[in-house]
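Colleague: This is the content of query.tsv (TSV, N, CA and C atoms and all ligand atoms):
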```tsv
chain	number	residue	atom	x	y	z
A	18	MET	N	-17.04	-25.60	-26.08
A	18	MET	CA	-17.16	-24.24	-25.54
A	18	MET	C	-16.46	-23.25	-26.49
A	19	SER	N	-17.10	-22.12	-26.74
A	19	SER	CA	-16.53	-21.16	-27.69
A	19	SER	C	-15.31	-20.45	-27.10
A	20	ASP	N	-14.53	-19.83	-27.98
A	20	ASP	CA	-13.37	-19.07	-27.52
A	20	ASP	C	-13.80	-17.94	-26.58
A	21	ILE	N	-14.93	-17.29	-26.91
A	21	ILE	CA	-15.41	-16.18	-26.09
A	21	ILE	C	-15.81	-16.66	-24.70
A	22	SER	N	-16.53	-17.77	-24.63
A	22	SER	CA	-16.93	-18.22	-23.29
A	22	SER	C	-15.72	-18.69	-22.49
A	23	GLU	N	-14.70	-19.23	-23.16
A	23	GLU	CA	-13.44	-19.58	-22.47
A	23	GLU	C	-12.78	-18.32	-21.92
A	24	PHE	N	-12.75	-17.29	-22.77
A	24	PHE	CA	-12.16	-16.02	-22.35
A	24	PHE	C	-12.90	-15.45	-21.14
A	25	ASN	N	-14.25	-15.48	-21.21
A	25	ASN	CA	-15.06	-14.92	-20.11
A	25	ASN	C	-14.81	-15.67	-18.80
A	26	LYS	N	-14.74	-16.99	-18.92
A	26	LYS	CA	-14.51	-17.82	-17.73
A	26	LYS	C	-13.14	-17.50	-17.12
A	27	SER	N	-12.16	-17.41	-17.99
A	27	SER	CA	-10.81	-17.14	-17.51
A	27	SER	C	-10.69	-15.71	-16.95
A	28	ALA	N	-11.40	-14.76	-17.56
A	28	ALA	CA	-11.37	-13.37	-17.06
A	28	ALA	C	-11.98	-13.32	-15.66
A	29	ASN	N	-13.10	-14.01	-15.45
A	29	ASN	CA	-13.72	-14.01	-14.12
A	29	ASN	C	-12.84	-14.71	-13.09
A	30	ALA	N	-12.20	-15.79	-13.49
A	30	ALA	CA	-11.32	-16.50	-12.55
A	30	ALA	C	-10.14	-15.60	-12.16
A	31	GLY	N	-9.60	-14.88	-13.15
A	31	GLY	CA	-8.49	-13.96	-12.88
A	31	GLY	C	-8.91	-12.86	-11.92
A	32	THR	N	-10.11	-12.31	-12.15
A	32	THR	CA	-10.61	-11.24	-11.26
A	32	THR	C	-10.82	-11.77	-9.85
A	33	ASP	N	-11.37	-12.99	-9.74
A	33	ASP	CA	-11.56	-13.59	-8.40
A	33	ASP	C	-10.23	-13.72	-7.66
A	34	ARG	N	-9.21	-14.15	-8.38
A	34	ARG	CA	-7.88	-14.29	-7.74
A	34	ARG	C	-7.37	-12.93	-7.27
A	35	GLU	N	-7.56	-11.91	-8.12
A	35	GLU	CA	-7.11	-10.56	-7.74
A	35	GLU	C	-7.85	-10.07	-6.50
A	36	HIS	N	-9.15	-10.37	-6.41
A	36	HIS	CA	-9.91	-9.97	-5.21
A	36	HIS	C	-9.36	-10.64	-3.96
A	37	GLU	N	-8.99	-11.91	-4.10
A	37	GLU	CA	-8.43	-12.63	-2.93
A	37	GLU	C	-7.14	-11.95	-2.47
A	38	VAL	N	-6.29	-11.60	-3.43
A	38	VAL	CA	-5.02	-10.94	-3.07
A	38	VAL	C	-5.31	-9.58	-2.43
A	39	GLN	N	-6.21	-8.82	-3.04
A	39	GLN	CA	-6.52	-7.48	-2.52
A	39	GLN	C	-7.07	-7.57	-1.10
A	40	LEU	N	-8.01	-8.51	-0.87
A	40	LEU	CA	-8.56	-8.65	0.48
A	40	LEU	C	-7.50	-9.13	1.47
A	41	GLY	N	-6.61	-10.00	1.00
A	41	GLY	CA	-5.52	-10.48	1.86
A	41	GLY	C	-4.63	-9.32	2.30
A	42	LEU	N	-4.31	-8.43	1.36
A	42	LEU	CA	-3.46	-7.27	1.69
A	42	LEU	C	-4.18	-6.33	2.65
A	43	LEU	N	-5.47	-6.17	2.42
A	43	LEU	CA	-6.25	-5.27	3.28
A	43	LEU	C	-6.40	-5.85	4.69
A	44	GLU	N	-6.64	-7.16	4.77
A	44	GLU	CA	-6.74	-7.79	6.08
A	44	GLU	C	-5.40	-7.72	6.82
A	45	ALA	N	-4.31	-7.88	6.08
A	45	ALA	CA	-2.98	-7.77	6.70
A	45	ALA	C	-2.77	-6.36	7.25
A	46	LEU	N	-3.23	-5.36	6.51
A	46	LEU	CA	-3.12	-3.98	6.98
A	46	LEU	C	-3.95	-3.77	8.25
A	47	CYS	N	-5.20	-4.26	8.22
A	47	CYS	CA	-6.07	-4.11	9.41
A	47	CYS	C	-5.42	-4.75	10.62
A	48	GLN	N	-4.85	-5.92	10.41
A	48	GLN	CA	-4.22	-6.64	11.53
A	48	GLN	C	-3.00	-5.86	12.04
A	49	ALA	N	-2.20	-5.34	11.13
A	49	ALA	CA	-1.02	-4.57	11.53
A	49	ALA	C	-1.42	-3.36	12.36
A	50	VAL	N	-2.51	-2.71	11.96
A	50	VAL	CA	-2.99	-1.52	12.69
A	50	VAL	C	-3.54	-1.94	14.06
A	51	ARG	N	-4.37	-3.01	14.07
A	51	ARG	CA	-4.96	-3.49	15.33
A	51	ARG	C	-3.87	-3.87	16.34
A	52	GLU	N	-2.81	-4.50	15.84
A	52	GLU	CA	-1.73	-4.95	16.74
A	52	GLU	C	-0.76	-3.83	17.08
A	53	GLY	N	-0.99	-2.65	16.53
A	53	GLY	CA	-0.13	-1.52	16.84
A	53	GLY	C	1.30	-1.70	16.36
A	54	ARG	N	1.46	-2.33	15.18
A	54	ARG	CA	2.82	-2.53	14.65
A	54	ARG	C	3.48	-1.18	14.36
A	55	ASP	N	4.76	-1.22	14.19
A	55	ASP	CA	5.49	0.04	13.99
A	55	ASP	C	5.07	0.76	12.71
A	56	ALA	N	5.29	2.05	12.70
A	56	ALA	CA	4.81	2.91	11.61
A	56	ALA	C	5.34	2.48	10.25
A	57	GLN	N	6.58	2.01	10.21
A	57	GLN	CA	7.18	1.62	8.93
A	57	GLN	C	6.48	0.38	8.35
A	58	SER	N	6.13	-0.58	9.23
A	58	SER	CA	5.44	-1.79	8.76
A	58	SER	C	4.07	-1.43	8.21
A	59	VAL	N	3.35	-0.57	8.95
A	59	VAL	CA	2.02	-0.17	8.50
A	59	VAL	C	2.13	0.58	7.17
A	60	ALA	N	3.13	1.44	7.05
A	60	ALA	CA	3.31	2.20	5.80
A	60	ALA	C	3.58	1.26	4.63
A	61	LEU	N	4.34	0.18	4.89
A	61	LEU	CA	4.63	-0.78	3.83
A	61	LEU	C	3.36	-1.52	3.41
A	62	ASN	N	2.57	-1.96	4.41
A	62	ASN	CA	1.28	-2.62	4.12
A	62	ASN	C	0.39	-1.71	3.26
A	63	LEU	N	0.34	-0.47	3.66
A	63	LEU	CA	-0.50	0.51	2.95
A	63	LEU	C	-0.03	0.71	1.52
A	64	ALA	N	1.28	0.82	1.33
A	64	ALA	CA	1.83	1.05	-0.01
A	64	ALA	C	1.55	-0.15	-0.92
A	65	GLN	N	1.70	-1.36	-0.36
A	65	GLN	CA	1.43	-2.57	-1.15
A	65	GLN	C	-0.04	-2.62	-1.55
A	66	LEU	N	-0.92	-2.33	-0.58
A	66	LEU	CA	-2.36	-2.37	-0.86
A	66	LEU	C	-2.75	-1.33	-1.91
A	67	ARG	N	-2.18	-0.13	-1.81
A	67	ARG	CA	-2.53	0.93	-2.78
A	67	ARG	C	-2.05	0.55	-4.18
A	68	SER	N	-0.83	0.06	-4.28
A	68	SER	CA	-0.30	-0.31	-5.61
A	68	SER	C	-1.12	-1.44	-6.22
A	69	TYR	N	-1.40	-2.44	-5.39
A	69	TYR	CA	-2.14	-3.59	-5.93
A	69	TYR	C	-3.55	-3.17	-6.33
A	70	SER	N	-4.17	-2.34	-5.50
A	70	SER	CA	-5.54	-1.90	-5.80
A	70	SER	C	-5.58	-1.09	-7.09
A	71	GLU	N	-4.60	-0.22	-7.29
A	71	GLU	CA	-4.56	0.56	-8.54
A	71	GLU	C	-4.47	-0.37	-9.75
A	72	ALA	N	-3.59	-1.37	-9.66
A	72	ALA	CA	-3.41	-2.30	-10.79
A	72	ALA	C	-4.68	-3.13	-11.01
A	73	HIS	N	-5.26	-3.61	-9.90
A	73	HIS	CA	-6.47	-4.44	-10.01
A	73	HIS	C	-7.63	-3.63	-10.60
A	74	PHE	N	-7.82	-2.42	-10.12
A	74	PHE	CA	-8.94	-1.61	-10.63
A	74	PHE	C	-8.72	-1.30	-12.11
A	75	ALA	N	-7.48	-1.01	-12.50
A	75	ALA	CA	-7.20	-0.72	-13.91
A	75	ALA	C	-7.54	-1.93	-14.77
A	76	SER	N	-7.21	-3.13	-14.29
A	76	SER	CA	-7.48	-4.33	-15.10
A	76	SER	C	-8.99	-4.58	-15.18
A	77	GLU	N	-9.69	-4.35	-14.07
A	77	GLU	CA	-11.14	-4.54	-14.08
A	77	GLU	C	-11.81	-3.51	-15.00
A	78	GLU	N	-11.32	-2.29	-14.96
A	78	GLU	CA	-11.91	-1.22	-15.79
A	78	GLU	C	-11.65	-1.49	-17.28
A	79	LEU	N	-10.50	-2.07	-17.58
A	79	LEU	CA	-10.20	-2.42	-18.98
A	79	LEU	C	-11.19	-3.47	-19.47
A	80	LEU	N	-11.43	-4.47	-18.64
A	80	LEU	CA	-12.38	-5.52	-19.01
A	80	LEU	C	-13.80	-4.95	-19.16
A	81	MET	N	-14.16	-4.01	-18.29
A	81	MET	CA	-15.49	-3.38	-18.39
A	81	MET	C	-15.62	-2.62	-19.71
A	82	ARG	N	-14.54	-1.95	-20.11
A	82	ARG	CA	-14.60	-1.20	-21.38
A	82	ARG	C	-14.68	-2.17	-22.55
A	83	LEU	N	-13.91	-3.25	-22.45
A	83	LEU	CA	-13.93	-4.27	-23.51
A	83	LEU	C	-15.34	-4.83	-23.69
A	84	LYS	N	-16.06	-4.95	-22.58
A	84	LYS	CA	-17.42	-5.53	-22.62
A	84	LYS	C	-18.49	-4.45	-22.77
A	85	SER	N	-18.09	-3.19	-22.98
A	85	SER	CA	-19.04	-2.06	-23.09
A	85	SER	C	-20.05	-2.10	-21.93
A	86	TYR	N	-19.53	-2.24	-20.73
A	86	TYR	CA	-20.39	-2.43	-19.56
A	86	TYR	C	-21.20	-1.17	-19.25
A	87	GLU	N	-22.51	-1.34	-19.12
A	87	GLU	CA	-23.39	-0.17	-18.97
A	87	GLU	C	-23.23	0.55	-17.63
A	88	ASP	N	-22.80	-0.15	-16.58
A	88	ASP	CA	-22.64	0.47	-15.26
A	88	ASP	C	-21.19	0.90	-15.00
A	89	TYR	N	-20.43	1.08	-16.07
A	89	TYR	CA	-19.00	1.41	-15.94
A	89	TYR	C	-18.78	2.62	-15.03
A	90	ALA	N	-19.49	3.72	-15.29
A	90	ALA	CA	-19.23	4.97	-14.56
A	90	ALA	C	-19.48	4.81	-13.06
A	91	THR	N	-20.59	4.17	-12.70
A	91	THR	CA	-20.91	3.97	-11.28
A	91	THR	C	-19.86	3.09	-10.61
A	92	HIS	N	-19.47	2.05	-11.34
A	92	HIS	CA	-18.49	1.12	-10.80
A	92	HIS	C	-17.14	1.82	-10.57
A	93	VAL	N	-16.73	2.61	-11.55
A	93	VAL	CA	-15.45	3.32	-11.44
A	93	VAL	C	-15.48	4.33	-10.29
A	94	GLU	N	-16.64	4.92	-10.04
A	94	GLU	CA	-16.75	5.86	-8.89
A	94	GLU	C	-16.39	5.15	-7.59
A	95	ASP	N	-16.84	3.90	-7.44
A	95	ASP	CA	-16.47	3.12	-6.25
A	95	ASP	C	-14.96	2.94	-6.17
A	96	HIS	N	-14.34	2.59	-7.31
A	96	HIS	CA	-12.88	2.40	-7.30
A	96	HIS	C	-12.17	3.69	-6.88
A	97	GLU	N	-12.63	4.80	-7.44
A	97	GLU	CA	-11.99	6.08	-7.11
A	97	GLU	C	-12.18	6.40	-5.63
A	98	ARG	N	-13.38	6.10	-5.12
A	98	ARG	CA	-13.66	6.35	-3.70
A	98	ARG	C	-12.70	5.54	-2.82
A	99	MET	N	-12.46	4.28	-3.21
A	99	MET	CA	-11.56	3.44	-2.41
A	99	MET	C	-10.12	3.95	-2.48
A	100	LEU	N	-9.68	4.34	-3.68
A	100	LEU	CA	-8.31	4.84	-3.81
A	100	LEU	C	-8.14	6.16	-3.06
A	101	ASP	N	-9.18	7.01	-3.10
A	101	ASP	CA	-9.12	8.27	-2.34
A	101	ASP	C	-9.02	7.98	-0.84
A	102	ALA	N	-9.84	7.02	-0.37
A	102	ALA	CA	-9.83	6.67	1.06
A	102	ALA	C	-8.45	6.15	1.47
A	103	LEU	N	-7.85	5.31	0.60
A	103	LEU	CA	-6.52	4.77	0.93
A	103	LEU	C	-5.46	5.87	0.93
A	104	ARG	N	-5.59	6.82	0.00
A	104	ARG	CA	-4.65	7.95	-0.02
A	104	ARG	C	-4.79	8.78	1.26
A	105	ASP	N	-6.05	9.04	1.69
A	105	ASP	CA	-6.26	9.81	2.92
A	105	ASP	C	-5.68	9.07	4.14
A	106	ILE	N	-5.87	7.74	4.15
A	106	ILE	CA	-5.33	6.95	5.27
A	106	ILE	C	-3.80	7.06	5.29
A	107	ALA	N	-3.19	6.96	4.11
A	107	ALA	CA	-1.72	7.06	4.02
A	107	ALA	C	-1.27	8.44	4.50
A	108	ASP	N	-2.02	9.48	4.13
A	108	ASP	CA	-1.67	10.84	4.57
A	108	ASP	C	-1.78	10.94	6.09
A	109	ASP	N	-2.90	10.42	6.66
A	109	ASP	CA	-3.08	10.45	8.13
A	109	ASP	C	-1.95	9.69	8.82
A	110	HIS	N	-1.62	8.53	8.23
A	110	HIS	CA	-0.57	7.70	8.83
A	110	HIS	C	0.76	8.46	8.83
A	111	ALA	N	1.06	9.12	7.71
A	111	ALA	CA	2.32	9.87	7.61
A	111	ALA	C	2.37	11.00	8.63
A	112	LEU	N	1.18	11.50	9.03
A	112	LEU	CA	1.12	12.58	10.02
A	112	LEU	C	1.02	12.05	11.45
A	113	GLY	N	1.04	10.71	11.59
A	113	GLY	CA	1.00	10.10	12.92
A	113	GLY	C	-0.38	10.07	13.55
A	114	LYS	N	-1.44	10.23	12.73
A	114	LYS	CA	-2.81	10.20	13.28
A	114	LYS	C	-3.32	8.76	13.32
A	115	SER	N	-2.74	7.95	14.20
A	115	SER	CA	-3.06	6.52	14.19
A	115	SER	C	-4.48	6.20	14.58
A	116	ALA	N	-5.11	7.03	15.41
A	116	ALA	CA	-6.51	6.76	15.81
A	116	ALA	C	-7.42	6.82	14.59
A	117	LEU	N	-7.17	7.76	13.69
A	117	LEU	CA	-7.98	7.87	12.47
A	117	LEU	C	-7.72	6.68	11.55
A	118	VAL	N	-6.47	6.27	11.45
A	118	VAL	CA	-6.09	5.17	10.55
A	118	VAL	C	-6.83	3.90	10.94
A	119	ALA	N	-6.86	3.58	12.23
A	119	ALA	CA	-7.48	2.34	12.70
A	119	ALA	C	-8.94	2.24	12.27
A	120	GLY	N	-9.71	3.29	12.51
A	120	GLY	CA	-11.13	3.25	12.15
A	120	GLY	C	-11.32	3.24	10.65
A	121	ASN	N	-10.49	3.99	9.95
A	121	ASN	CA	-10.69	4.12	8.50
A	121	ASN	C	-10.31	2.87	7.71
A	122	VAL	N	-9.32	2.12	8.16
A	122	VAL	CA	-8.98	0.89	7.41
A	122	VAL	C	-10.11	-0.13	7.55
A	123	GLU	N	-10.76	-0.16	8.72
A	123	GLU	CA	-11.89	-1.08	8.90
A	123	GLU	C	-13.04	-0.66	7.97
A	124	ASN	N	-13.26	0.64	7.83
A	124	ASN	CA	-14.31	1.12	6.92
A	124	ASN	C	-14.02	0.74	5.47
A	125	VAL	N	-12.75	0.86	5.07
A	125	VAL	CA	-12.38	0.49	3.70
A	125	VAL	C	-12.59	-1.01	3.49
A	126	LEU	N	-12.22	-1.82	4.49
A	126	LEU	CA	-12.42	-3.27	4.38
A	126	LEU	C	-13.90	-3.57	4.16
A	127	GLU	N	-14.75	-2.94	4.95
A	127	GLU	CA	-16.19	-3.15	4.84
A	127	GLU	C	-16.69	-2.73	3.44
A	128	PHE	N	-16.20	-1.59	2.97
A	128	PHE	CA	-16.66	-1.08	1.67
A	128	PHE	C	-16.20	-1.99	0.53
A	129	ILE	N	-14.95	-2.45	0.59
A	129	ILE	CA	-14.45	-3.32	-0.50
A	129	ILE	C	-15.19	-4.65	-0.49
A	130	GLN	N	-15.47	-5.18	0.70
A	130	GLN	CA	-16.22	-6.43	0.76
A	130	GLN	C	-17.61	-6.24	0.14
A	131	TRP	N	-18.24	-5.12	0.45
A	131	TRP	CA	-19.55	-4.83	-0.13
A	131	TRP	C	-19.44	-4.68	-1.65
A	132	HIS	N	-18.43	-3.95	-2.12
A	132	HIS	CA	-18.23	-3.72	-3.55
A	132	HIS	C	-18.06	-5.05	-4.30
A	133	ILE	N	-17.24	-5.94	-3.74
A	133	ILE	CA	-16.99	-7.23	-4.40
A	133	ILE	C	-18.27	-8.08	-4.44
A	134	ALA	N	-19.02	-8.03	-3.33
A	134	ALA	CA	-20.23	-8.86	-3.24
A	134	ALA	C	-21.38	-8.32	-4.10
A	135	THR	N	-21.34	-7.06	-4.46
A	135	THR	CA	-22.46	-6.48	-5.21
A	135	THR	C	-22.04	-6.05	-6.62
A	136	ARG	N	-21.30	-4.96	-6.72
A	136	ARG	CA	-20.95	-4.43	-8.05
A	136	ARG	C	-20.06	-5.39	-8.85
A	137	ASP	N	-19.04	-5.97	-8.20
A	137	ASP	CA	-18.17	-6.89	-8.94
A	137	ASP	C	-18.93	-8.16	-9.32
A	138	ARG	N	-19.80	-8.61	-8.42
A	138	ARG	CA	-20.60	-9.80	-8.71
A	138	ARG	C	-21.51	-9.56	-9.92
A	139	LYS	N	-22.13	-8.38	-9.96
A	139	LYS	CA	-23.01	-8.04	-11.06
A	139	LYS	C	-22.24	-8.02	-12.40
A	140	PHE	N	-21.04	-7.45	-12.36
A	140	PHE	CA	-20.23	-7.40	-13.58
A	140	PHE	C	-19.80	-8.82	-13.98
A	141	ALA	N	-19.40	-9.65	-13.01
A	141	ALA	CA	-18.99	-11.02	-13.32
A	141	ALA	C	-20.14	-11.80	-13.96
A	142	ASP	N	-21.36	-11.57	-13.47
A	142	ASP	CA	-22.54	-12.24	-14.06
A	142	ASP	C	-22.71	-11.81	-15.51
A	143	MET	N	-22.50	-10.50	-15.76
A	143	MET	CA	-22.63	-9.98	-17.12
A	143	MET	C	-21.56	-10.59	-18.03
A	144	VAL	N	-20.33	-10.66	-17.52
A	144	VAL	CA	-19.23	-11.24	-18.31
A	144	VAL	C	-19.55	-12.70	-18.65
A	145	ARG	N	-20.02	-13.44	-17.65
A	145	ARG	CA	-20.31	-14.86	-17.83
A	145	ARG	C	-21.32	-15.08	-18.96
A	146	SER	N	-22.29	-14.18	-19.06
A	146	SER	CA	-23.35	-14.39	-20.05
A	146	SER	C	-23.11	-13.64	-21.36
A	147	SER	N	-21.98	-12.89	-21.44
A	147	SER	CA	-21.76	-12.07	-22.65
A	147	SER	C	-21.20	-12.92	-23.79
A	148	LYS	N	-21.38	-12.37	-24.99
A	148	LYS	CA	-20.91	-13.09	-26.18
A	148	LYS	C	-19.88	-12.26	-26.90
A	201	FE	FE	-14.70	-3.38	-8.94
```
When written as structure tokens, how does the structure in this file appear?
Modeller:
Amino acid sequence: MSDISEFNKSANAGTDREHEVQLGLLEALCQAVREGRDAQSVALNLAQLRSYSEAHFASEELLMRLKSYEDYATHVEDHERMLDALRDIADDHALGKSALVAGNVENVLEFIQWHIATRDRKFADMVRSSK
């Protein structure tokens, strides 16, 4: 196996692991909101998810640039949309609007699952076959 195909395989495995962590953090946040945990716990879940998501998206975007990925702009728009949604949720939470937070975290979970299953999958397929 060539060095490039080893790199591609390892890059995809790394991205898969990051998705698992990101979804784990998001599911933990959804659960904390559903169970009505205290505001400080929810704020901590949110902060962890936002930090991790920023780092994960930056690493994915770097790999897309490295691979001169043709759908880079569309893909990055999704990332920005998710980060904006998480920022709005954090703002609502800070203002005590818990009813809005509950519905919106479920929407973000749905959107991220869709993003991983479609746009991230498409990019992973491209990475796998790239030289
Ligand atoms: Fe992505």
Colleague: Using only N, CA and C atoms and all ligand atoms, which residue out of A:Gly41, A:Ser147, A:Arg104, A:Glu77 lies closest to ligand FE 201 (chain A)?
Modeller: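 Once distances to ligand FE 201 (chain A) are computed over only N, CA and C atoms and all ligand atoms, the minimum belongs to A:Glu77.
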Colleague: Please write out the residues within 6.5 Å of ligand FE 201 (chain A) as number ranges by chain, counting all atoms listed in the file.
Modeller: A: 74, 77, 92, 96, 132-133, 136-137
Colleague: Dig up all the protein and nucleic acid residues within 12 Å of (-18.3, -9.8, -19.5) in the file frame, using only C-alpha atoms, and format them as a VMD selection string.
Modeller: chain A and resid 21 to 30 32 77 to 89 137 to 148
Colleague: Using N, CA and C atoms, can you export the residues from the last selection as a CSV table (one decimal), keeping the file's coordinate frame?
Modeller:
```
chain,number,residue,atom,x,y,z
A,21,ILE,N,-14.9,-17.3,-26.9
A,21,ILE,CA,-15.4,-16.2,-26.1
A,21,ILE,C,-15.8,-16.7,-24.7
A,22,SER,N,-16.5,-17.8,-24.6
A,22,SER,CA,-16.9,-18.2,-23.3
A,22,SER,C,-15.7,-18.7,-22.5
A,23,GLU,N,-14.7,-19.2,-23.2
A,23,GLU,CA,-13.4,-19.6,-22.5
A,23,GLU,C,-12.8,-18.3,-21.9
A,24,PHE,N,-12.8,-17.3,-22.8
A,24,PHE,CA,-12.2,-16.0,-22.4
A,24,PHE,C,-12.9,-15.4,-21.1
A,25,ASN,N,-14.2,-15.5,-21.2
A,25,ASN,CA,-15.1,-14.9,-20.1
A,25,ASN,C,-14.8,-15.7,-18.8
A,26,LYS,N,-14.7,-17.0,-18.9
A,26,LYS,CA,-14.5,-17.8,-17.7
A,26,LYS,C,-13.1,-17.5,-17.1
A,27,SER,N,-12.2,-17.4,-18.0
A,27,SER,CA,-10.8,-17.1,-17.5
A,27,SER,C,-10.7,-15.7,-17.0
A,28,ALA,N,-11.4,-14.8,-17.6
A,28,ALA,CA,-11.4,-13.4,-17.1
A,28,ALA,C,-12.0,-13.3,-15.7
A,29,ASN,N,-13.1,-14.0,-15.4
A,29,ASN,CA,-13.7,-14.0,-14.1
A,29,ASN,C,-12.8,-14.7,-13.1
A,30,ALA,N,-12.2,-15.8,-13.5
A,30,ALA,CA,-11.3,-16.5,-12.6
A,30,ALA,C,-10.1,-15.6,-12.2
A,32,THR,N,-10.1,-12.3,-12.2
A,32,THR,CA,-10.6,-11.2,-11.3
A,32,THR,C,-10.8,-11.8,-9.8
A,77,GLU,N,-9.7,-4.4,-14.1
A,77,GLU,CA,-11.1,-4.5,-14.1
A,77,GLU,C,-11.8,-3.5,-15.0
A,78,GLU,N,-11.3,-2.3,-15.0
A,78,GLU,CA,-11.9,-1.2,-15.8
A,78,GLU,C,-11.6,-1.5,-17.3
A,79,LEU,N,-10.5,-2.1,-17.6
A,79,LEU,CA,-10.2,-2.4,-19.0
A,79,LEU,C,-11.2,-3.5,-19.5
A,80,LEU,N,-11.4,-4.5,-18.6
A,80,LEU,CA,-12.4,-5.5,-19.0
A,80,LEU,C,-13.8,-5.0,-19.2
A,81,MET,N,-14.2,-4.0,-18.3
A,81,MET,CA,-15.5,-3.4,-18.4
A,81,MET,C,-15.6,-2.6,-19.7
A,82,ARG,N,-14.5,-2.0,-20.1
A,82,ARG,CA,-14.6,-1.2,-21.4
A,82,ARG,C,-14.7,-2.2,-22.6
A,83,LEU,N,-13.9,-3.2,-22.4
A,83,LEU,CA,-13.9,-4.3,-23.5
A,83,LEU,C,-15.3,-4.8,-23.7
A,84,LYS,N,-16.1,-5.0,-22.6
A,84,LYS,CA,-17.4,-5.5,-22.6
A,84,LYS,C,-18.5,-4.4,-22.8
A,85,SER,N,-18.1,-3.2,-23.0
A,85,SER,CA,-19.0,-2.1,-23.1
A,85,SER,C,-20.0,-2.1,-21.9
A,86,TYR,N,-19.5,-2.2,-20.7
A,86,TYR,CA,-20.4,-2.4,-19.6
A,86,TYR,C,-21.2,-1.2,-19.2
A,87,GLU,N,-22.5,-1.3,-19.1
A,87,GLU,CA,-23.4,-0.2,-19.0
A,87,GLU,C,-23.2,0.6,-17.6
A,88,ASP,N,-22.8,-0.2,-16.6
A,88,ASP,CA,-22.6,0.5,-15.3
A,88,ASP,C,-21.2,0.9,-15.0
A,89,TYR,N,-20.4,1.1,-16.1
A,89,TYR,CA,-19.0,1.4,-15.9
A,89,TYR,C,-18.8,2.6,-15.0
A,137,ASP,N,-19.0,-6.0,-8.2
A,137,ASP,CA,-18.2,-6.9,-8.9
A,137,ASP,C,-18.9,-8.2,-9.3
A,138,ARG,N,-19.8,-8.6,-8.4
A,138,ARG,CA,-20.6,-9.8,-8.7
A,138,ARG,C,-21.5,-9.6,-9.9
A,139,LYS,N,-22.1,-8.4,-10.0
A,139,LYS,CA,-23.0,-8.0,-11.1
A,139,LYS,C,-22.2,-8.0,-12.4
A,140,PHE,N,-21.0,-7.4,-12.4
A,140,PHE,CA,-20.2,-7.4,-13.6
A,140,PHE,C,-19.8,-8.8,-14.0
A,141,ALA,N,-19.4,-9.6,-13.0
A,141,ALA,CA,-19.0,-11.0,-13.3
A,141,ALA,C,-20.1,-11.8,-14.0
A,142,ASP,N,-21.4,-11.6,-13.5
A,142,ASP,CA,-22.5,-12.2,-14.1
A,142,ASP,C,-22.7,-11.8,-15.5
A,143,MET,N,-22.5,-10.5,-15.8
A,143,MET,CA,-22.6,-10.0,-17.1
A,143,MET,C,-21.6,-10.6,-18.0
A,144,VAL,N,-20.3,-10.7,-17.5
A,144,VAL,CA,-19.2,-11.2,-18.3
A,144,VAL,C,-19.6,-12.7,-18.6
A,145,ARG,N,-20.0,-13.4,-17.6
A,145,ARG,CA,-20.3,-14.9,-17.8
A,145,ARG,C,-21.3,-15.1,-19.0
A,146,SER,N,-22.3,-14.2,-19.1
A,146,SER,CA,-23.4,-14.4,-20.0
A,146,SER,C,-23.1,-13.6,-21.4
A,147,SER,N,-22.0,-12.9,-21.4
A,147,SER,CA,-21.8,-12.1,-22.6
A,147,SER,C,-21.2,-12.9,-23.8
A,148,LYS,N,-21.4,-12.4,-25.0
A,148,LYS,CA,-20.9,-13.1,-26.2
A,148,LYS,C,-19.9,-12.3,-26.9
```
Colleague: I'd like the contact shell of Gln65 in chain A - 7 Å cut-off, all atoms listed in the file, skipping same-chain residues fewer than 5 positions apart - returned as a PyMOL selection string.
Modeller: chain A and resi 42+60+70
Colleague: Just the number, please: distance in Å from CA of Asp109 in chain A to CA of Val50 in chain A, one decimal.
Modeller: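 Spanning CA of Asp109 in chain A to CA of Val50 in chain A is a straight-line distance of 12.8 Å.
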Colleague: Please, what distance in Å, to one decimal, runs between atom N of Asp95 in chain A and atom N of Asn62 in chain A?
Modeller: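 If I compute the distance from atom N of Asp95 in chain A to atom N of Asn62 in chain A, I get 23.5 Å.
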Colleague: Report, in Å to a single decimal, how far apart CA of Leu63 in chain A and atom C of Gly31 in chain A are.
Modeller: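 Straight-line distance from atom C of Gly31 in chain A to CA of Leu63 in chain A works out to 21.7 Å.
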Colleague: Around range 120-136 of chain A, fit a box with edges along x, y and z, padding it by 3 Å on each side, then list its centre and edge lengths in Å to one decimal as AutoDock Vina command-line options.
Modeller:
```
--center_x -15.7 --center_y -2.4 --center_z 1.8 --size_x 19.5 --size_y 19.0 --size_z 27.4
```
Colleague: Counting only N, CA and C atoms, figure out which residue out of A:Met99, A:Cys47, A:Leu61, A:Leu66 gets nearest to Glu123 in chain A.
Modeller: A:Cys47
